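Working notes, structure below.
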Amino acid sequence: MDFAFDNSFHDRMEGFYAPAEAVTPSAPALLTFNHPLAERLGLEVDSADMAELVRILSGQGLPDGANPLALAYAGHQFGHFSPQLGDGRALLLGEIIAPDGARFDIQLKGSGPTAFSRNGDGKAAIGPVLREFLVSEAMAAMGVPTTRALAAVATGDRVQRERAHPGAVLTRIASSHIRVGTFQFFAAHFGADHVVQLADYSIRRHFPDLAEAANPSLALLDRVIGLQCELVAQWLGVGFIHGVMNTDNVAISGETIDYGPCAFMDRFAVNTVFSSIDANGRYAYGRQPQILHWNMARFAEALLPAIHRVSPADVDAAKALVEAIPVRFRTIWHARVREKLGLGGEGTDDGELIDTLFDELEEHGVDFTSFFRAIAMLLRGDEAMLQSLLPARDAMAPWIAQWWERIAHETKGPLEHADAMDAVNPLYIPRNHLVEAALDAAEAGDLAQWLELLEVVRHPHVIRPGYERFAAPAPKDAVPYKTFCGT
Ligand code: AMP
Ligand code: MG
């Protein structure tokens with residue numbers, strides 16, 4: 001098994017990380033391997049390689065060419081600045097180049113303590129590892145930018161949380177692990193030279209077209225804001241709640257990163273929070289755009305010395321970029337909702353149609369995911385699905401009439417709209433009650449449910465007979481869902 005590493009961060013960014021090594025697991029065993037992803041990365045894996053792979057992906061053996069390291073970063077956690085975070089339970093093995101030229105980090109998550117572990121054990125339990133694997137695969141299948149999971153390996157060791165759990169290591173693939181918090185760390189501790197170096201590296205790696213910009217750091221801010229607006233609009237569009245939108249969990253690549261207490265909303269409610277550690281609802285579903293704004297203000301602050309160095313006048317331009325985020329986000333979000341509703345072009349009353357939609361969904365407690373599939377069925381002349389979601393027959397009648405009117409003005413026929421809607425609106429998402437049951441079984445040693453759920457969410461848009469229970473909202477009597485951060 002040859003990874004053909006090309007470790008640019010290790011080679012060019014000395015001082016931005018600490019060397020690290022994995023703890024040898026007592027009895028590594030493969031839980032699951034992502035063959036389609038391996039293929040996308042250009043890793044040729046046959047069964048003969050598996051034993052060697054398990055050794056590598058559990059931290060038992062180091063592949064040739066790896067330069068294992070832990071990245072330094074800081075971050076605002078729930079609004080408070082932590083100057084010293086960093087990879088406390090993750091090990092970057094190195095970078096590989098896929099056949100299409102794209103560069104990816106290969107990281108082991110849960111492979112033992114590093115220089116940045118503080119009081120943590122550097123380990124991960126099987127539940128959170130399989131949750132990240134499942135949810136990130138679902139996100140990728142829905143077209144949401146995300147880190148990926150290449151493998152999950154059981155370590156054979158116990159990990160102590162509220163109680164003892166089987167330990168596991170996740171192999172995470174990311175276009176990089178540079179976060180807003182990485183910039184904050186070097187701005188806070190080292191100053192402008194380091195920020196400029198990190199900005200240059202980031203631009204070269206992610207956004208080479210910005211290298212010639214008059215003020216590259218300002219251009220970087222603009223680009224990252226754009227990507228984050230797109231990302232959060234995608235999250236809202238699939239009912240996703242990240243749960244810990246701290247600045248150390250915001251990747252500048254625009255990928256969703258750090259799946260902890262995340263979950264998908266069932267019934268629409270704008271204040272939905274699942275995380276047990278988010279008592280004040282800071283990261284509630286509907287607050288995510290505001291938090292994106294706040295996080296980008298922190299990113300701008302970290303970049304200011306680099307921006308100022310090129311042109312002091314550009315500091316005002318940076319402020320203007322941050323101030324424009326709410327409007328920029330709303331434009332992107334509305335485009336996404338129009339797509340979900342099957343609407344082409346921009347109608348003059350779309351803003352109101354969209355705002356009232358969310359009021360209506362909340363008032364009637366409608367299952368968010370199913371709703372968009374149900375109105376596509378309506379276009380096909382079948383109202384049964386919509387009726388099954390509403391508390392009363394006419395519950396949303398005025399809104400539906402308004403939407404129908406808007407569709408009627410489009411040039412395409414209703415069936416074409418319905419198909420276009422189904423292509424962007426998932427039918428199968430990792431429903432909380434299904435995820436929970438699958439993880440419980442997996443922890444007890446039975447992976448079958450988890451593997452089946454993985455297979456279902458990898459094809460989120462195409463209806464499959466016999467899979468009705470995967471599309472169904474949580475049972476009405478389900479206990480309110482809570483997620484825990486003990487990842
Ligand atoms: P997270 O909440 O996963 O974004 O992690 C926040 C910070 O805590 C990061 O610096 C992690 O590396 C660190 N951390 C989380 N869990 C552990 C653990 N079990 N051992 C060491 N560090 C950890
Ligand atoms: Mg994190």
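Convention: chains lettered A, B, ... in structure tokens order; per-chain residue numbering from 1; ligands numbered from 1 as shown.
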List all protein, DNA and RNA residues that have any atom at most 6 Å from ligand 2, counting only C-alpha atoms and all ligand atoms, and write the list as a PyMOL selection string.
chain A and resi 248-249+258
Keeping only C-alpha atoms, write the selected residues to a file as an mmCIF file, in the first residue's frame.
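Final output, saved to part35.cif:
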```cif
data_model
loop_
_atom_site.group_PDB
_atom_site.id
_atom_site.type_symbol
_atom_site.label_atom_id
_atom_site.label_comp_id
_atom_site.auth_asym_id
_atom_site.auth_seq_id
_atom_site.Cartn_x
_atom_site.Cartn_y
_atom_site.Cartn_z
ATOM 1 C CA ASP A 248 -11.795 26.155 15.549
ATOM 2 C CA ASN A 249 -14.448 24.089 13.760
ATOM 3 C CA ASP A 258 -15.841 18.251 13.151
#
```
Go through range 53-189 of chain A and collect every residue that DSSP, computed from the backbone, puts in alpha helix (DSSP H); the answer should be as a short mmCIF file (atom, residue, chain, number, x, y, z; two decimals) with all heavy atoms, in the first residue's frame.
```
data_model
loop_
_atom_site.label_atom_id
_atom_site.label_comp_id
_atom_site.auth_asym_id
_atom_site.auth_seq_id
_atom_site.Cartn_x
_atom_site.Cartn_y
_atom_site.Cartn_z
N LEU A 53 -3.32 -2.04 5.81
CA LEU A 53 -4.13 -0.82 5.98
C LEU A 53 -4.64 -0.67 7.40
O LEU A 53 -4.62 0.42 7.97
CB LEU A 53 -5.33 -0.87 5.04
CG LEU A 53 -5.25 -0.04 3.77
CD1 LEU A 53 -6.56 -0.14 3.02
CD2 LEU A 53 -4.93 1.42 4.09
N VAL A 54 -5.12 -1.76 7.97
CA VAL A 54 -5.64 -1.70 9.33
C VAL A 54 -4.54 -1.29 10.30
O VAL A 54 -4.76 -0.49 11.21
CB VAL A 54 -6.27 -3.06 9.74
CG1 VAL A 54 -6.58 -3.09 11.22
CG2 VAL A 54 -7.53 -3.31 8.92
N ARG A 55 -3.33 -1.80 10.07
CA ARG A 55 -2.20 -1.39 10.90
C ARG A 55 -1.97 0.12 10.81
O ARG A 55 -1.84 0.81 11.81
CB ARG A 55 -0.92 -2.10 10.42
CG ARG A 55 -0.64 -3.43 11.07
CD ARG A 55 0.55 -4.15 10.40
NE ARG A 55 1.73 -3.28 10.15
CZ ARG A 55 2.56 -2.86 11.11
NH1 ARG A 55 2.37 -3.25 12.35
NH2 ARG A 55 3.58 -2.09 10.81
N ILE A 56 -2.00 0.62 9.58
CA ILE A 56 -1.73 2.05 9.37
C ILE A 56 -2.87 2.91 9.91
O ILE A 56 -2.65 3.90 10.60
CB ILE A 56 -1.53 2.33 7.85
CG1 ILE A 56 -0.23 1.68 7.37
CG2 ILE A 56 -1.55 3.82 7.56
CD1 ILE A 56 -0.05 1.69 5.86
N LEU A 57 -4.11 2.50 9.60
CA LEU A 57 -5.25 3.35 9.92
C LEU A 57 -5.70 3.21 11.38
O LEU A 57 -6.66 3.85 11.80
CB LEU A 57 -6.41 3.06 8.96
CG LEU A 57 -6.03 3.28 7.48
CD1 LEU A 57 -7.22 3.03 6.58
CD2 LEU A 57 -5.47 4.68 7.23
N ILE A 126 -16.28 4.46 19.85
CA ILE A 126 -16.82 3.93 18.59
C ILE A 126 -18.08 4.69 18.13
O ILE A 126 -18.24 4.94 16.92
CB ILE A 126 -17.12 2.41 18.72
CG1 ILE A 126 -17.58 1.83 17.39
CG2 ILE A 126 -18.15 2.12 19.79
CD1 ILE A 126 -17.74 0.32 17.39
N GLY A 127 -18.93 5.09 19.06
CA GLY A 127 -20.18 5.77 18.69
C GLY A 127 -19.92 7.04 17.89
O GLY A 127 -20.39 7.18 16.75
N PRO A 128 -19.18 7.99 18.46
CA PRO A 128 -18.88 9.22 17.72
C PRO A 128 -18.12 8.98 16.41
O PRO A 128 -18.32 9.70 15.44
CB PRO A 128 -18.03 10.02 18.70
CG PRO A 128 -18.46 9.52 20.05
CD PRO A 128 -18.77 8.08 19.87
N VAL A 129 -17.27 7.97 16.37
CA VAL A 129 -16.52 7.68 15.13
C VAL A 129 -17.50 7.23 14.03
O VAL A 129 -17.47 7.72 12.90
CB VAL A 129 -15.44 6.60 15.38
CG1 VAL A 129 -14.96 5.98 14.07
CG2 VAL A 129 -14.27 7.21 16.14
N LEU A 130 -18.41 6.32 14.38
CA LEU A 130 -19.36 5.84 13.37
C LEU A 130 -20.39 6.91 13.02
O LEU A 130 -20.90 6.96 11.90
CB LEU A 130 -20.04 4.56 13.84
CG LEU A 130 -19.12 3.33 13.92
CD1 LEU A 130 -19.90 2.12 14.41
CD2 LEU A 130 -18.46 3.03 12.57
N ARG A 131 -20.70 7.79 13.98
CA ARG A 131 -21.62 8.89 13.70
C ARG A 131 -21.00 9.84 12.68
O ARG A 131 -21.62 10.24 11.71
CB ARG A 131 -21.95 9.63 15.00
CG ARG A 131 -22.68 10.94 14.78
CD ARG A 131 -22.64 11.75 16.08
NE ARG A 131 -23.71 11.35 16.95
CZ ARG A 131 -24.97 11.78 16.80
NH1 ARG A 131 -25.28 12.59 15.82
NH2 ARG A 131 -25.89 11.41 17.62
N GLU A 132 -19.72 10.21 12.90
CA GLU A 132 -19.05 11.10 11.94
C GLU A 132 -18.97 10.45 10.56
O GLU A 132 -19.21 11.09 9.54
CB GLU A 132 -17.65 11.49 12.43
CG GLU A 132 -16.85 12.22 11.35
CD GLU A 132 -15.74 13.13 11.85
OE1 GLU A 132 -15.62 13.35 13.07
OE2 GLU A 132 -15.00 13.64 10.99
N PHE A 133 -18.65 9.17 10.54
CA PHE A 133 -18.55 8.45 9.26
C PHE A 133 -19.87 8.54 8.51
O PHE A 133 -19.94 8.95 7.34
CB PHE A 133 -18.19 6.98 9.54
CG PHE A 133 -17.65 6.22 8.37
CD1 PHE A 133 -16.36 5.70 8.38
CD2 PHE A 133 -18.43 6.02 7.23
CE1 PHE A 133 -15.86 4.99 7.30
CE2 PHE A 133 -17.94 5.31 6.14
CZ PHE A 133 -16.66 4.79 6.18
N LEU A 134 -20.95 8.19 9.20
CA LEU A 134 -22.28 8.14 8.59
C LEU A 134 -22.74 9.52 8.14
O LEU A 134 -23.19 9.70 7.00
CB LEU A 134 -23.26 7.57 9.62
CG LEU A 134 -24.71 7.45 9.19
CD1 LEU A 134 -24.88 6.20 8.33
CD2 LEU A 134 -25.64 7.38 10.39
N VAL A 135 -22.64 10.49 9.03
CA VAL A 135 -23.19 11.82 8.71
C VAL A 135 -22.35 12.49 7.62
O VAL A 135 -22.90 13.11 6.71
CB VAL A 135 -23.31 12.71 9.97
CG1 VAL A 135 -23.84 14.09 9.59
CG2 VAL A 135 -24.23 12.06 10.99
N SER A 136 -21.03 12.33 7.66
CA SER A 136 -20.24 12.98 6.61
C SER A 136 -20.49 12.31 5.26
O SER A 136 -20.51 12.99 4.23
CB SER A 136 -18.75 13.03 6.97
OG SER A 136 -18.18 11.75 7.13
N GLU A 137 -20.71 11.01 5.24
CA GLU A 137 -21.05 10.35 3.97
C GLU A 137 -22.41 10.83 3.46
O GLU A 137 -22.59 11.03 2.25
CB GLU A 137 -21.07 8.82 4.13
CG GLU A 137 -19.69 8.20 4.13
CD GLU A 137 -18.89 8.55 2.88
OE1 GLU A 137 -19.16 8.00 1.80
OE2 GLU A 137 -17.98 9.41 2.99
N ALA A 138 -23.37 11.00 4.37
CA ALA A 138 -24.69 11.51 3.98
C ALA A 138 -24.55 12.91 3.40
O ALA A 138 -25.13 13.23 2.35
CB ALA A 138 -25.64 11.51 5.17
N MET A 139 -23.77 13.75 4.06
CA MET A 139 -23.59 15.13 3.58
C MET A 139 -22.98 15.12 2.18
O MET A 139 -23.42 15.85 1.30
CB MET A 139 -22.69 15.90 4.55
CG MET A 139 -23.31 16.12 5.91
SD MET A 139 -24.66 17.31 5.90
CE MET A 139 -23.79 18.75 6.50
N ALA A 140 -21.94 14.30 2.00
CA ALA A 140 -21.28 14.24 0.69
C ALA A 140 -22.29 13.81 -0.38
O ALA A 140 -22.33 14.36 -1.48
CB ALA A 140 -20.10 13.28 0.73
N ALA A 141 -23.11 12.82 -0.05
CA ALA A 141 -24.08 12.32 -1.03
C ALA A 141 -25.14 13.37 -1.36
O ALA A 141 -25.68 13.40 -2.46
CB ALA A 141 -24.75 11.05 -0.49
N VAL A 180 -10.32 28.67 10.83
CA VAL A 180 -10.28 30.07 11.29
C VAL A 180 -9.40 30.13 12.54
O VAL A 180 -8.56 31.03 12.69
CB VAL A 180 -11.70 30.60 11.57
CG1 VAL A 180 -11.65 31.92 12.33
CG2 VAL A 180 -12.46 30.77 10.25
N GLY A 181 -9.54 29.13 13.41
CA GLY A 181 -8.76 29.09 14.63
C GLY A 181 -7.26 28.97 14.41
O GLY A 181 -6.46 29.36 15.26
N THR A 182 -6.85 28.43 13.26
CA THR A 182 -5.42 28.37 12.94
C THR A 182 -4.89 29.80 12.76
O THR A 182 -3.83 30.16 13.29
CB THR A 182 -5.17 27.55 11.65
OG1 THR A 182 -6.03 26.41 11.65
CG2 THR A 182 -3.73 27.12 11.54
N PHE A 183 -5.64 30.62 12.04
CA PHE A 183 -5.24 32.02 11.87
C PHE A 183 -5.25 32.75 13.22
O PHE A 183 -4.36 33.55 13.51
CB PHE A 183 -6.18 32.71 10.88
CG PHE A 183 -5.86 32.37 9.45
CD1 PHE A 183 -6.39 31.23 8.86
CD2 PHE A 183 -5.01 33.17 8.70
CE1 PHE A 183 -6.07 30.89 7.55
CE2 PHE A 183 -4.68 32.84 7.40
CZ PHE A 183 -5.22 31.70 6.82
N GLN A 184 -6.26 32.45 14.03
CA GLN A 184 -6.34 33.12 15.34
C GLN A 184 -5.14 32.78 16.21
O GLN A 184 -4.63 33.63 16.93
CB GLN A 184 -7.63 32.70 16.05
CG GLN A 184 -8.88 33.25 15.38
CD GLN A 184 -10.13 32.85 16.16
OE1 GLN A 184 -10.48 31.68 16.21
NE2 GLN A 184 -10.79 33.81 16.79
N PHE A 185 -4.70 31.53 16.13
CA PHE A 185 -3.57 31.11 16.95
C PHE A 185 -2.33 31.92 16.60
O PHE A 185 -1.64 32.47 17.47
CB PHE A 185 -3.29 29.62 16.74
CG PHE A 185 -2.17 29.08 17.59
CD1 PHE A 185 -2.43 28.59 18.86
CD2 PHE A 185 -0.87 29.07 17.13
CE1 PHE A 185 -1.40 28.09 19.66
CE2 PHE A 185 0.17 28.58 17.92
CZ PHE A 185 -0.10 28.09 19.19
N PHE A 186 -2.04 32.05 15.31
CA PHE A 186 -0.80 32.73 14.92
C PHE A 186 -0.93 34.24 15.03
O PHE A 186 0.06 34.91 15.32
CB PHE A 186 -0.34 32.23 13.54
CG PHE A 186 0.10 30.80 13.65
CD1 PHE A 186 -0.74 29.75 13.31
CD2 PHE A 186 1.33 30.50 14.23
CE1 PHE A 186 -0.35 28.43 13.49
CE2 PHE A 186 1.73 29.18 14.42
CZ PHE A 186 0.89 28.14 14.05
N ALA A 187 -2.14 34.76 14.86
CA ALA A 187 -2.34 36.20 15.09
C ALA A 187 -2.12 36.52 16.56
O ALA A 187 -1.48 37.53 16.91
CB ALA A 187 -3.75 36.60 14.65
N ALA A 188 -2.63 35.67 17.45
CA ALA A 188 -2.57 35.95 18.89
C ALA A 188 -1.16 35.77 19.45
O ALA A 188 -0.73 36.54 20.31
CB ALA A 188 -3.55 35.04 19.64
N HIS A 189 -0.43 34.77 18.97
CA HIS A 189 0.84 34.43 19.62
C HIS A 189 2.08 34.92 18.87
O HIS A 189 3.14 35.07 19.45
CB HIS A 189 0.96 32.92 19.81
CG HIS A 189 -0.13 32.34 20.66
ND1 HIS A 189 -0.27 32.65 21.99
CD2 HIS A 189 -1.15 31.50 20.36
CE1 HIS A 189 -1.32 32.00 22.48
NE2 HIS A 189 -1.88 31.30 21.51
#
```
Nearby polymer residues, ligand 1, at most 8 Å, only C-alpha atoms and all ligand atoms, as a count of residues only: 32
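Each of A:Trp294, A:Phe372, A:Tyr201, A:Phe207 was compared to Glu14 in chain A using only C-alpha atoms, and A:Tyr201 turns out to be the nearest.
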With distances taken over only C-alpha atoms, the candidate from A:Glu383, A:Glu95, A:Asp419, A:Asp394 nearest Ile463 in chain A is A:Asp419
- Message: I'd like the neighbourhood of Asp316 in chain A as JSON, numbers by chain, where a residue qualifies if any of its atoms comes within 12 Å (using only C-alpha atoms), though same-chain residues fewer than 5 positions away should be ignored.
- Response: {"A": [218, 300, 301, 304, 307, 308, 311, 321, 322, 323]}
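Closest approach to Ala154 in chain A among A:Ala397, A:Ala306, A:Ile429, A:Glu443 is made by A:Glu443 (distances from only C-alpha atoms).
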What's around Leu292 in chain A at 12 Å? Count only C-alpha atoms, leave out sequence neighbours fewer than 2 positions away in its own chain, and write the answer as a PyMOL selection string.
chain A and resi 180+224-233+235+242+244-247+249-251+254+282-283+285-290+294-299+322+325-326+328-329
